[in-house]
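Student: Handing over run_16.cif, mmCIF, C-alpha atoms.
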```cif
data_work
#
loop_
_atom_site.group_PDB
_atom_site.id
_atom_site.type_symbol
_atom_site.label_atom_id
_atom_site.label_comp_id
_atom_site.auth_asym_id
_atom_site.auth_seq_id
_atom_site.Cartn_x
_atom_site.Cartn_y
_atom_site.Cartn_z
ATOM 1 C CA MET A 2 9.804 -27.696 -4.655
ATOM 2 C CA THR A 3 12.161 -25.299 -6.434
ATOM 3 C CA SER A 4 13.727 -22.731 -4.119
ATOM 4 C CA ARG A 5 13.527 -19.105 -5.256
ATOM 5 C CA VAL A 6 15.688 -16.145 -4.364
ATOM 6 C CA PRO A 7 13.506 -13.940 -2.129
ATOM 7 C CA ALA A 8 12.879 -10.290 -2.874
ATOM 8 C CA LEU A 9 11.052 -7.412 -1.188
ATOM 9 C CA LEU A 10 9.886 -4.089 -2.612
ATOM 10 C CA ILE A 11 7.959 -1.344 -0.769
ATOM 11 C CA HIS A 12 6.610 2.122 -1.517
ATOM 12 C CA GLY A 13 5.698 5.106 0.628
ATOM 13 C CA GLY A 14 3.103 6.642 -1.667
ATOM 14 C CA ALA A 15 2.899 8.669 -4.851
ATOM 15 C CA GLY A 16 1.422 11.452 -2.695
ATOM 16 C CA ALA A 17 4.734 11.971 -0.906
ATOM 17 C CA ASP A 18 5.707 15.627 -0.520
ATOM 18 C CA PRO A 19 8.923 16.503 -2.437
ATOM 19 C CA ALA A 20 9.519 19.407 -0.019
ATOM 20 C CA PHE A 21 9.544 17.100 2.997
ATOM 21 C CA ARG A 22 12.854 16.196 4.641
ATOM 22 C CA HIS A 23 13.847 13.066 2.767
ATOM 23 C CA GLU A 24 15.947 11.637 5.595
ATOM 24 C CA GLU A 25 12.849 11.056 7.728
ATOM 25 C CA LEU A 26 11.181 9.266 4.835
ATOM 26 C CA ARG A 27 14.334 7.256 4.184
ATOM 27 C CA ALA A 28 14.486 6.162 7.817
ATOM 28 C CA GLY A 29 10.857 5.028 7.670
ATOM 29 C CA ILE A 30 11.374 3.115 4.442
ATOM 30 C CA ARG A 31 14.550 1.471 5.764
ATOM 31 C CA ASP A 32 12.750 0.341 8.916
ATOM 32 C CA ALA A 33 9.898 -1.146 6.876
ATOM 33 C CA VAL A 34 12.255 -2.983 4.530
ATOM 34 C CA ALA A 35 14.198 -4.327 7.511
ATOM 35 C CA ALA A 36 11.001 -5.694 9.102
ATOM 36 C CA GLY A 37 9.820 -7.400 5.929
ATOM 37 C CA TRP A 38 13.256 -8.731 5.040
ATOM 38 C CA ALA A 39 13.740 -10.239 8.507
ATOM 39 C CA VAL A 40 10.771 -12.486 7.735
ATOM 40 C CA LEU A 41 11.986 -13.528 4.289
ATOM 41 C CA ASP A 42 15.622 -13.955 5.329
ATOM 42 C CA ALA A 43 14.539 -16.338 8.088
ATOM 43 C CA GLY A 44 12.649 -18.447 5.549
ATOM 44 C CA GLY A 45 9.232 -16.961 6.302
ATOM 45 C CA GLY A 46 6.405 -16.458 3.854
ATOM 46 C CA ALA A 47 5.641 -13.535 1.570
ATOM 47 C CA VAL A 48 2.292 -12.779 3.231
ATOM 48 C CA ALA A 49 3.920 -12.351 6.637
ATOM 49 C CA ALA A 50 6.696 -10.264 5.055
ATOM 50 C CA VAL A 51 4.426 -7.727 3.381
ATOM 51 C CA GLU A 52 2.295 -7.487 6.515
ATOM 52 C CA ALA A 53 5.386 -6.803 8.645
ATOM 53 C CA ALA A 54 6.665 -4.121 6.286
ATOM 54 C CA VAL A 55 3.318 -2.351 6.016
ATOM 55 C CA CYS A 56 2.756 -2.485 9.797
ATOM 56 C CA VAL A 57 5.956 -0.492 10.317
ATOM 57 C CA LEU A 58 4.721 2.196 7.920
ATOM 58 C CA GLU A 59 1.272 2.213 9.555
ATOM 59 C CA ASP A 60 3.041 2.968 12.853
ATOM 60 C CA ASN A 61 5.043 5.818 11.319
ATOM 61 C CA PRO A 62 3.060 9.103 11.448
ATOM 62 C CA ARG A 63 4.999 10.423 8.436
ATOM 63 C CA PHE A 64 3.039 8.127 6.113
ATOM 64 C CA ASN A 65 -0.642 8.243 5.180
ATOM 65 C CA ALA A 66 -1.642 4.918 6.751
ATOM 66 C CA GLY A 67 -2.470 3.875 10.298
ATOM 67 C CA ARG A 68 -1.366 6.601 12.702
ATOM 68 C CA GLY A 69 -0.956 9.725 10.584
ATOM 69 C CA SER A 70 -3.761 8.880 8.148
ATOM 70 C CA ALA A 71 -5.445 11.689 6.244
ATOM 71 C CA LEU A 72 -8.615 13.066 7.831
ATOM 72 C CA THR A 73 -12.158 13.191 6.538
ATOM 73 C CA THR A 74 -14.138 16.426 6.485
ATOM 74 C CA ASP A 75 -15.391 15.410 9.945
ATOM 75 C CA GLY A 76 -11.807 15.331 11.230
ATOM 76 C CA THR A 77 -11.831 11.544 11.635
ATOM 77 C CA VAL A 78 -9.633 8.733 10.352
ATOM 78 C CA GLU A 79 -11.117 6.138 7.981
ATOM 79 C CA MET A 80 -8.533 3.631 6.792
ATOM 80 C CA ASP A 81 -8.477 1.092 3.955
ATOM 81 C CA ALA A 82 -6.171 -1.895 3.411
ATOM 82 C CA SER A 83 -5.847 -5.096 1.409
ATOM 83 C CA ILE A 84 -3.540 -8.082 1.159
ATOM 84 C CA MET A 85 -3.342 -10.925 -1.379
ATOM 85 C CA GLU A 86 -1.331 -14.120 -1.828
ATOM 86 C CA GLY A 87 -0.667 -15.282 -5.333
ATOM 87 C CA ASP A 88 -0.793 -19.080 -5.106
ATOM 88 C CA GLY A 89 -4.506 -19.484 -4.370
ATOM 89 C CA LEU A 90 -5.428 -15.863 -5.177
ATOM 90 C CA THR A 91 -6.814 -15.599 -1.647
ATOM 91 C CA ASN A 92 -7.209 -12.110 -0.263
ATOM 92 C CA GLY A 93 -8.556 -9.972 2.533
ATOM 93 C CA ALA A 94 -9.556 -6.323 2.608
ATOM 94 C CA VAL A 95 -11.132 -3.686 4.840
ATOM 95 C CA ALA A 96 -12.422 -0.172 4.259
ATOM 96 C CA CYS A 97 -13.553 2.752 6.415
ATOM 97 C CA VAL A 98 -12.051 1.288 9.580
ATOM 98 C CA THR A 99 -10.933 3.219 12.628
ATOM 99 C CA ALA A 100 -9.803 2.475 16.196
ATOM 100 C CA ILE A 101 -7.153 -0.062 15.074
ATOM 101 C CA ARG A 102 -3.475 0.642 14.492
ATOM 102 C CA HIS A 103 -2.906 -1.966 11.795
ATOM 103 C CA PRO A 104 -5.638 -2.308 9.154
ATOM 104 C CA VAL A 105 -3.324 -4.566 7.127
ATOM 105 C CA THR A 106 -3.296 -7.092 9.981
ATOM 106 C CA LEU A 107 -7.083 -7.200 10.025
ATOM 107 C CA ALA A 108 -7.004 -7.718 6.243
ATOM 108 C CA ARG A 109 -4.557 -10.612 6.680
ATOM 109 C CA LEU A 110 -6.717 -12.283 9.330
ATOM 110 C CA ILE A 111 -9.702 -12.017 6.989
ATOM 111 C CA LEU A 112 -7.581 -13.638 4.261
ATOM 112 C CA GLU A 113 -6.612 -16.471 6.589
ATOM 113 C CA GLU A 114 -10.175 -17.000 7.801
ATOM 114 C CA GLY A 115 -10.974 -17.725 4.175
ATOM 115 C CA ARG A 116 -14.758 -17.483 4.075
ATOM 116 C CA HIS A 117 -15.177 -13.836 3.013
ATOM 117 C CA SER A 118 -12.833 -11.283 1.469
ATOM 118 C CA PHE A 119 -13.977 -7.725 2.145
ATOM 119 C CA PHE A 120 -15.518 -5.983 5.171
ATOM 120 C CA VAL A 121 -16.303 -2.289 5.601
ATOM 121 C CA GLY A 122 -17.159 0.136 8.386
ATOM 122 C CA GLU A 123 -18.906 -1.330 11.390
ATOM 123 C CA GLY A 124 -18.843 -4.792 9.840
ATOM 124 C CA ALA A 125 -15.057 -4.598 9.577
ATOM 125 C CA MET A 126 -14.763 -3.431 13.182
ATOM 126 C CA ALA A 127 -16.954 -6.339 14.278
ATOM 127 C CA ARG A 128 -14.575 -8.705 12.482
ATOM 128 C CA ALA A 129 -11.634 -6.998 14.210
ATOM 129 C CA ARG A 130 -13.164 -7.682 17.612
ATOM 130 C CA ALA A 131 -14.069 -11.264 16.682
ATOM 131 C CA LEU A 132 -10.577 -11.966 15.348
ATOM 132 C CA GLY A 133 -8.821 -10.464 18.358
ATOM 133 C CA VAL A 134 -7.315 -7.394 16.707
ATOM 134 C CA PRO A 135 -6.349 -4.906 19.442
ATOM 135 C CA LEU A 136 -8.421 -1.731 19.403
ATOM 136 C CA CYS A 137 -7.229 1.779 20.225
ATOM 137 C CA ASP A 138 -8.707 5.198 20.882
ATOM 138 C CA PRO A 139 -9.462 6.676 17.425
ATOM 139 C CA GLU A 140 -7.839 9.942 18.555
ATOM 140 C CA GLU A 141 -4.503 8.107 18.821
ATOM 141 C CA LEU A 142 -4.482 7.868 15.033
ATOM 142 C CA VAL A 143 -4.953 11.616 14.480
ATOM 143 C CA THR A 144 -1.880 13.841 14.224
ATOM 144 C CA ASP A 145 -1.479 17.607 14.371
ATOM 145 C CA VAL A 146 0.123 17.525 10.924
ATOM 146 C CA GLN A 147 -3.032 16.023 9.444
ATOM 147 C CA ARG A 148 -5.269 18.486 11.296
ATOM 148 C CA THR A 149 -3.284 21.288 9.662
ATOM 149 C CA GLN A 150 -3.501 19.564 6.289
ATOM 150 C CA LEU A 151 -7.279 19.244 6.605
ATOM 151 C CA GLU A 152 -7.605 22.944 7.399
ATOM 152 C CA SER A 153 -5.501 23.735 4.337
ATOM 153 C CA VAL A 154 -7.563 21.509 2.046
ATOM 154 C CA ILE A 155 -10.888 22.903 3.226
ATOM 155 C CA GLY A 156 -9.578 26.457 2.975
ATOM 156 C CA ASN A 157 -8.215 25.939 -0.544
ATOM 157 C CA THR A 158 -11.380 24.301 -1.861
ATOM 158 C CA GLY A 159 -13.933 26.432 -0.095
ATOM 159 C CA GLY A 160 -15.418 23.265 1.355
ATOM 160 C CA ASN A 161 -15.410 21.374 -1.966
ATOM 161 C CA THR A 162 -13.490 18.239 -1.051
ATOM 162 C CA GLY A 163 -14.229 16.229 -4.141
ATOM 163 C CA GLY A 164 -10.812 16.894 -5.629
ATOM 164 C CA ASN A 165 -7.593 14.943 -5.866
ATOM 165 C CA THR A 166 -5.727 15.999 -2.725
ATOM 166 C CA ARG A 167 -3.847 13.334 -0.797
ATOM 167 C CA GLY A 168 -2.657 13.346 2.802
ATOM 168 C CA ASN A 169 0.518 15.433 2.980
ATOM 169 C CA THR A 170 2.412 14.097 6.007
ATOM 170 C CA GLY A 171 5.602 13.736 3.980
ATOM 171 C CA GLY A 172 4.714 10.258 2.724
ATOM 172 C CA GLY A 173 1.535 8.841 1.228
ATOM 173 C CA THR A 174 -0.300 5.524 0.840
ATOM 174 C CA VAL A 175 1.994 2.575 1.612
ATOM 175 C CA GLY A 176 2.436 -0.829 0.061
ATOM 176 C CA ALA A 177 4.699 -3.861 -0.233
ATOM 177 C CA VAL A 178 5.279 -6.801 -2.567
ATOM 178 C CA ALA A 179 7.362 -9.870 -1.703
ATOM 179 C CA LEU A 180 8.577 -13.116 -3.266
ATOM 180 C CA ASP A 181 9.515 -15.851 -0.788
ATOM 181 C CA ARG A 182 11.777 -18.897 -1.115
ATOM 182 C CA ARG A 183 8.826 -21.138 -2.030
ATOM 183 C CA GLY A 184 7.994 -18.935 -5.006
ATOM 184 C CA LEU A 185 4.857 -17.435 -3.465
ATOM 185 C CA ILE A 186 4.212 -13.763 -4.215
ATOM 186 C CA ALA A 187 2.155 -11.522 -1.934
ATOM 187 C CA ALA A 188 1.153 -7.863 -2.076
ATOM 188 C CA ALA A 189 -0.401 -5.458 0.418
ATOM 189 C CA THR A 190 -1.553 -1.832 0.404
ATOM 190 C CA SER A 191 -2.730 0.457 3.232
ATOM 191 C CA THR A 192 -3.969 4.052 3.232
ATOM 192 C CA GLY A 193 -5.832 6.791 5.025
ATOM 193 C CA GLY A 194 -7.153 8.050 1.683
ATOM 194 C CA MET A 195 -7.461 11.662 0.552
ATOM 195 C CA ALA A 196 -7.220 14.579 2.943
ATOM 196 C CA GLY A 197 -10.660 16.151 3.265
ATOM 197 C CA LYS A 198 -12.485 13.192 1.754
ATOM 198 C CA PRO A 199 -16.197 12.817 2.533
ATOM 199 C CA PRO A 200 -16.880 10.179 5.186
ATOM 200 C CA GLY A 201 -17.432 6.814 3.508
ATOM 201 C CA ARG A 202 -15.302 7.541 0.452
ATOM 202 C CA VAL A 203 -13.154 4.560 -0.576
ATOM 203 C CA GLY A 204 -10.405 4.545 -3.190
ATOM 204 C CA ASP A 205 -8.503 1.763 -4.919
ATOM 205 C CA SER A 206 -6.298 0.560 -2.046
ATOM 206 C CA PRO A 207 -8.679 -2.051 -0.572
ATOM 207 C CA LEU A 208 -10.023 -3.179 -3.959
ATOM 208 C CA ILE A 209 -8.386 -6.374 -5.178
ATOM 209 C CA GLY A 210 -7.373 -5.849 -8.797
ATOM 210 C CA CYS A 211 -7.345 -2.063 -8.477
ATOM 211 C CA GLY A 212 -4.888 -1.237 -5.685
ATOM 212 C CA THR A 213 -3.430 -4.689 -4.961
ATOM 213 C CA TYR A 214 -2.922 -7.907 -6.885
ATOM 214 C CA ALA A 215 -0.698 -10.998 -6.682
ATOM 215 C CA GLU A 216 -0.389 -14.008 -8.954
ATOM 216 C CA SER A 217 2.613 -16.202 -8.180
ATOM 217 C CA THR A 218 3.061 -17.391 -11.770
ATOM 218 C CA ALA A 219 3.330 -13.786 -12.971
ATOM 219 C CA GLY A 220 3.936 -11.132 -10.298
ATOM 220 C CA GLY A 221 2.580 -8.882 -7.578
ATOM 221 C CA VAL A 222 1.586 -5.209 -7.596
ATOM 222 C CA SER A 223 0.764 -2.451 -5.103
ATOM 223 C CA CYS A 224 -0.568 0.878 -6.379
ATOM 224 C CA THR A 225 -0.802 4.438 -5.062
ATOM 225 C CA GLY A 226 -2.162 7.743 -6.314
ATOM 226 C CA ASN A 227 -5.528 8.854 -7.656
ATOM 227 C CA GLY A 228 -7.865 6.114 -6.457
ATOM 228 C CA GLU A 229 -10.744 6.888 -8.774
ATOM 229 C CA ALA A 230 -8.420 6.712 -11.799
ATOM 230 C CA ALA A 231 -6.925 3.383 -10.651
ATOM 231 C CA ILE A 232 -10.405 1.952 -10.183
ATOM 232 C CA ARG A 233 -11.417 2.997 -13.690
ATOM 233 C CA VAL A 234 -8.621 0.958 -15.273
ATOM 234 C CA VAL A 235 -8.381 -1.842 -12.644
ATOM 235 C CA LEU A 236 -4.734 -0.842 -12.406
ATOM 236 C CA ALA A 237 -3.114 -3.633 -10.383
ATOM 237 C CA ARG A 238 -4.614 -6.494 -12.372
ATOM 238 C CA ARG A 239 -4.060 -4.567 -15.605
ATOM 239 C CA THR A 240 -0.371 -4.280 -14.719
ATOM 240 C CA ILE A 241 -0.108 -8.063 -14.317
ATOM 241 C CA GLU A 242 -1.544 -8.557 -17.801
ATOM 242 C CA ILE A 243 0.900 -5.986 -19.178
ATOM 243 C CA LEU A 244 3.737 -7.769 -17.353
ATOM 244 C CA LYS A 245 2.815 -11.073 -18.985
ATOM 245 C CA ALA A 246 3.061 -9.440 -22.407
ATOM 246 C CA ALA A 247 6.020 -7.112 -21.790
ATOM 247 C CA GLY A 248 8.123 -9.528 -19.750
ATOM 248 C CA ASP A 249 9.925 -6.829 -17.764
ATOM 249 C CA PRO A 250 8.564 -5.319 -14.508
ATOM 250 C CA MET A 251 10.037 -1.845 -15.016
ATOM 251 C CA HIS A 252 8.633 -1.627 -18.527
ATOM 252 C CA ALA A 253 5.280 -2.993 -17.392
ATOM 253 C CA CYS A 254 5.019 -0.354 -14.642
ATOM 254 C CA GLN A 255 5.709 2.455 -17.088
ATOM 255 C CA ILE A 256 3.107 1.185 -19.558
ATOM 256 C CA ALA A 257 0.615 0.871 -16.697
ATOM 257 C CA LEU A 258 1.199 4.527 -15.799
ATOM 258 C CA ASP A 259 0.452 5.478 -19.401
ATOM 259 C CA VAL A 260 -2.813 3.544 -19.125
ATOM 260 C CA LEU A 261 -3.582 5.317 -15.828
ATOM 261 C CA ALA A 262 -3.063 8.712 -17.458
ATOM 262 C CA GLU A 263 -4.722 8.095 -20.824
ATOM 263 C CA GLU A 264 -7.664 5.870 -19.852
ATOM 264 C CA GLY A 265 -7.944 6.559 -16.129
ATOM 265 C CA ARG A 266 -7.296 10.315 -16.457
ATOM 266 C CA GLY A 267 -5.170 10.348 -13.318
ATOM 267 C CA SER A 268 -1.672 10.162 -11.870
ATOM 268 C CA GLY A 269 0.015 7.886 -9.385
ATOM 269 C CA GLY A 270 2.590 5.162 -9.029
ATOM 270 C CA LEU A 271 3.064 1.448 -8.495
ATOM 271 C CA ILE A 272 5.586 -1.241 -7.608
ATOM 272 C CA CYS A 273 5.906 -4.758 -9.040
ATOM 273 C CA ILE A 274 7.889 -7.957 -8.470
ATOM 274 C CA ASP A 275 7.749 -10.690 -11.091
ATOM 275 C CA TRP A 276 7.992 -14.455 -10.501
ATOM 276 C CA ARG A 277 11.748 -14.365 -11.095
ATOM 277 C CA GLY A 278 12.245 -11.766 -8.348
ATOM 278 C CA ARG A 279 12.914 -8.876 -10.723
ATOM 279 C CA LEU A 280 11.768 -5.469 -9.486
ATOM 280 C CA GLY A 281 9.864 -2.651 -11.160
ATOM 281 C CA TRP A 282 8.373 0.686 -10.190
ATOM 282 C CA ALA A 283 7.221 3.917 -11.785
ATOM 283 C CA HIS A 284 5.407 7.100 -10.798
ATOM 284 C CA SER A 285 4.009 10.152 -12.538
ATOM 285 C CA THR A 286 4.058 12.308 -9.392
ATOM 286 C CA PRO A 287 7.079 14.322 -8.204
ATOM 287 C CA LEU A 288 8.045 11.737 -5.569
ATOM 288 C CA MET A 289 7.311 8.138 -4.590
ATOM 289 C CA PRO A 290 9.636 6.690 -1.927
ATOM 290 C CA VAL A 291 10.767 3.161 -2.856
ATOM 291 C CA GLY A 292 12.863 0.680 -0.887
ATOM 292 C CA PHE A 293 13.973 -2.861 -1.750
ATOM 293 C CA MET A 294 16.052 -5.780 -0.545
ATOM 294 C CA ALA A 295 17.414 -8.999 -2.035
ATOM 295 C CA PRO A 296 20.075 -11.567 -1.060
ATOM 296 C CA GLY A 297 23.632 -10.294 -1.212
ATOM 297 C CA ARG A 298 22.779 -6.713 -0.301
ATOM 298 C CA ASP A 299 24.302 -5.264 2.856
ATOM 299 C CA ALA A 300 21.523 -2.708 3.291
ATOM 300 C CA PRO A 301 18.163 -1.797 1.772
ATOM 301 C CA GLY A 302 18.249 -0.101 -1.599
ATOM 302 C CA LEU A 303 16.436 3.248 -1.835
ATOM 303 C CA ASN A 304 15.155 5.035 -4.914
ATOM 304 C CA PHE A 305 14.385 8.628 -3.851
#
```
Starting from the file, lay out its structure as structure tokens.

Tutor:
Amino acid sequence: MTSRVPALLIHGGAGADPAFRHEELRAGIRDAVAAGWAVLDAGGGAVAAVEAAVCVLEDNPRFNAGRGSALTTDGTVEMDASIMEGDGLTNGAVACVTAIRHPVTLARLILEEGRHSFFVGEGAMARARALGVPLCDPEELVTDVQRTQLESVIGNTGGNTGGNTRGNTGGGTVGAVALDRRGLIAAATSTGGMAGKPPGRVGDSPLIGCGTYAESTAGGVSCTGNGEAAIRVVLARRTIEILKAAGDPMHACQIALDVLAEEGRGSGGLICIDWRGRLGWAHSTPLMPVGFMAPGRDAPGLNF
């Protein structure tokens, strides 16, 4: 088996607030890169690496995933996550889950179980209990920052929450893509969704092909931004097809954003690693925190 040079790329959401103190976001991104890179550097697999990186961001209340997720109009947290490995195209996903700190871990266990791919709501929580995922008090996931954000959204819309507002904790939806030494590519995405969303609303993040996709012979993608727009153009899978034609991850990400704007009628961002370990990212929003790591670097690279 040919050994590959590992690579890791993460994002902290195209909904990140440009006015927020960047050093707190940088610290969160660095910690997530360090967790994912520790797995890859020790010879671990890409699936474990992206899970580790995303778990750190789910624990950080400054990002819209896990603790610190955006709130529904009922003031509750409903989280979505997905993970995919690119050798067998196996995947796992959950939507509208609460009372767990790490939705991405539940998604990974569903991937590993192998029989089904996607569970939602009470069905997802039943799988969490069956698979031994630790539960928590749902109130532990709610932060004062997100309560304030919900009040702002409802006040600004007069109760009409069907718009495009994302959770404004500083960071947004989170995601990671990794290439391991065996050449396997994996991608994962986790989110609390839009601030003030109606209960039951689900965006692109848990939808394989829309918010997350990995194909080891081509690349892996994690998306963020306007979920409805990403769903319309099947953004993650579309980016892989663009990558195959364009040959360069940075160029492919920029073309994908053009597709998101012109056909999807929305804004957002995405990250991509190709099978060679080359990195790409792009965003049409004011800020999308990005961090990366590869052999030979002394510290994580940051792009914000």

Student: Show which residues sit within 10 Å of Cys273 (chain A), as a list in words. Count all atoms listed in the file, and ignore same-chain residues fewer than 3 positions away.

Tutor: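 Listing them by chain and then by number gives Leu9, Leu10, Ile11, Ala177, Val178, Ala179, Ala188, Tyr214, Ala215, Gly220, Gly221, Val222, Ser223, Cys224, Ala237, Thr240, Ile241, Leu244, Asp249, Pro250, Met251, Ala253, Cys254, Gly278, Arg279, Leu280, Gly281, Trp282 and Ala283 of chain A.
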
Student: Leaving out region 64-74 of chain A and any residue of its chain fewer than 2 positions from it, which residues lie within 8 Å of it when counting only C-alpha atoms, given as an NGL selection string?

Tutor: :A and (13-14 or 58-62 or 76-80 or 101-104 or 141-144 or 146-148 or 151 or 155 or 162 or 167-175 or 191-200)

Student: Once you have the residues from the selection above, write them out as a PDB file, in the frame of the given file, restricted to C-alpha atoms.

Tutor:
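In the end it all went to again_10.pdb:
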```pdb
ATOM      1  CA  GLY A  13       5.698   5.106   0.628  1.00  0.00           C
ATOM      2  CA  GLY A  14       3.103   6.642  -1.667  1.00  0.00           C
ATOM      3  CA  LEU A  58       4.721   2.196   7.920  1.00  0.00           C
ATOM      4  CA  GLU A  59       1.272   2.213   9.555  1.00  0.00           C
ATOM      5  CA  ASP A  60       3.041   2.968  12.853  1.00  0.00           C
ATOM      6  CA  ASN A  61       5.043   5.818  11.319  1.00  0.00           C
ATOM      7  CA  PRO A  62       3.060   9.103  11.448  1.00  0.00           C
ATOM      8  CA  GLY A  76     -11.807  15.331  11.230  1.00  0.00           C
ATOM      9  CA  THR A  77     -11.831  11.544  11.635  1.00  0.00           C
ATOM     10  CA  VAL A  78      -9.633   8.733  10.352  1.00  0.00           C
ATOM     11  CA  GLU A  79     -11.117   6.138   7.981  1.00  0.00           C
ATOM     12  CA  MET A  80      -8.533   3.631   6.792  1.00  0.00           C
ATOM     13  CA  ILE A 101      -7.153  -0.062  15.074  1.00  0.00           C
ATOM     14  CA  ARG A 102      -3.475   0.642  14.492  1.00  0.00           C
ATOM     15  CA  HIS A 103      -2.906  -1.966  11.795  1.00  0.00           C
ATOM     16  CA  PRO A 104      -5.638  -2.308   9.154  1.00  0.00           C
ATOM     17  CA  GLU A 141      -4.503   8.107  18.821  1.00  0.00           C
ATOM     18  CA  LEU A 142      -4.482   7.868  15.033  1.00  0.00           C
ATOM     19  CA  VAL A 143      -4.953  11.616  14.480  1.00  0.00           C
ATOM     20  CA  THR A 144      -1.880  13.841  14.224  1.00  0.00           C
ATOM     21  CA  VAL A 146       0.123  17.525  10.924  1.00  0.00           C
ATOM     22  CA  GLN A 147      -3.032  16.023   9.444  1.00  0.00           C
ATOM     23  CA  ARG A 148      -5.269  18.486  11.296  1.00  0.00           C
ATOM     24  CA  LEU A 151      -7.279  19.244   6.605  1.00  0.00           C
ATOM     25  CA  ILE A 155     -10.888  22.903   3.226  1.00  0.00           C
ATOM     26  CA  THR A 162     -13.490  18.239  -1.051  1.00  0.00           C
ATOM     27  CA  ARG A 167      -3.847  13.334  -0.797  1.00  0.00           C
ATOM     28  CA  GLY A 168      -2.657  13.346   2.802  1.00  0.00           C
ATOM     29  CA  ASN A 169       0.518  15.433   2.980  1.00  0.00           C
ATOM     30  CA  THR A 170       2.412  14.097   6.007  1.00  0.00           C
ATOM     31  CA  GLY A 171       5.602  13.736   3.980  1.00  0.00           C
ATOM     32  CA  GLY A 172       4.714  10.258   2.724  1.00  0.00           C
ATOM     33  CA  GLY A 173       1.535   8.841   1.228  1.00  0.00           C
ATOM     34  CA  THR A 174      -0.300   5.524   0.840  1.00  0.00           C
ATOM     35  CA  VAL A 175       1.994   2.575   1.612  1.00  0.00           C
ATOM     36  CA  SER A 191      -2.730   0.457   3.232  1.00  0.00           C
ATOM     37  CA  THR A 192      -3.969   4.052   3.232  1.00  0.00           C
ATOM     38  CA  GLY A 193      -5.832   6.791   5.025  1.00  0.00           C
ATOM     39  CA  GLY A 194      -7.153   8.050   1.683  1.00  0.00           C
ATOM     40  CA  MET A 195      -7.461  11.662   0.552  1.00  0.00           C
ATOM     41  CA  ALA A 196      -7.220  14.579   2.943  1.00  0.00           C
ATOM     42  CA  GLY A 197     -10.660  16.151   3.265  1.00  0.00           C
ATOM     43  CA  LYS A 198     -12.485  13.192   1.754  1.00  0.00           C
ATOM     44  CA  PRO A 199     -16.197  12.817   2.533  1.00  0.00           C
ATOM     45  CA  PRO A 200     -16.880  10.179   5.186  1.00  0.00           C
TER      46      PRO A 200
END
```

Student: Looking at all atoms listed in the file, which of A:Ser217, A:Thr106, A:Thr149, A:Thr99 is the one that sits closest to Glu86 (chain A)?

Tutor: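 Using all atoms listed in the file, Glu86 (chain A) sits closest to A:Ser217.
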
Student: My list of candidates is A:Asn92, A:Ser83, A:Asn157, A:Asn227. Which is closest to Thr286 (chain A) when distances are computed with only C-alpha atoms?

Tutor: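 Looking only at the distances to Thr286 (chain A), the closest residue turns out to be A:Asn227.
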
Student: So which residues touch Arg27 (chain A) within 10 Å, counting only C-alpha atoms, skipping near sequence neighbours fewer than 2 positions away, as a list in words?

Tutor: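 Listing them by chain and then by number gives Gly13, Arg22, His23, Glu24, Glu25, Gly29, Ile30, Arg31, Asp32, Ala33, Pro290, Val291, Gly292, Leu303, Asn304 and Phe305 of chain A.
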
Student: Only N, CA and C atoms needed: put region 146-156 of chain A from the block into a file as a compact mmCIF listing (two decimals), in the first residue's frame.

Tutor:
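Output file part01.txt follows:
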```txt
# COMPACT_ATOMS: atom_id res chain seq x y z
N VAL A 146 -25.20 33.54 25.49
CA VAL A 146 -24.96 34.24 24.21
C VAL A 146 -26.03 33.86 23.20
N GLN A 147 -26.37 32.58 23.13
CA GLN A 147 -27.38 32.16 22.16
C GLN A 147 -28.79 32.58 22.58
N ARG A 148 -29.05 32.68 23.86
CA ARG A 148 -30.35 33.21 24.29
C ARG A 148 -30.50 34.65 23.82
N THR A 149 -29.43 35.42 23.96
CA THR A 149 -29.45 36.82 23.51
C THR A 149 -29.61 36.89 21.99
N GLN A 150 -28.91 36.01 21.29
CA GLN A 150 -29.02 35.98 19.83
C GLN A 150 -30.44 35.66 19.39
N LEU A 151 -31.08 34.71 20.07
CA LEU A 151 -32.45 34.35 19.72
C LEU A 151 -33.39 35.53 19.92
N GLU A 152 -33.23 36.24 21.03
CA GLU A 152 -34.05 37.42 21.28
C GLU A 152 -33.87 38.46 20.19
N SER A 153 -32.62 38.61 19.73
CA SER A 153 -32.33 39.58 18.67
C SER A 153 -32.97 39.18 17.36
N VAL A 154 -32.89 37.89 17.03
CA VAL A 154 -33.46 37.40 15.77
C VAL A 154 -34.98 37.58 15.77
N ILE A 155 -35.63 37.17 16.85
CA ILE A 155 -37.08 37.28 16.92
C ILE A 155 -37.51 38.73 16.89
N GLY A 156 -36.76 39.59 17.58
CA GLY A 156 -37.08 41.01 17.58
C GLY A 156 -36.92 41.65 16.22
```
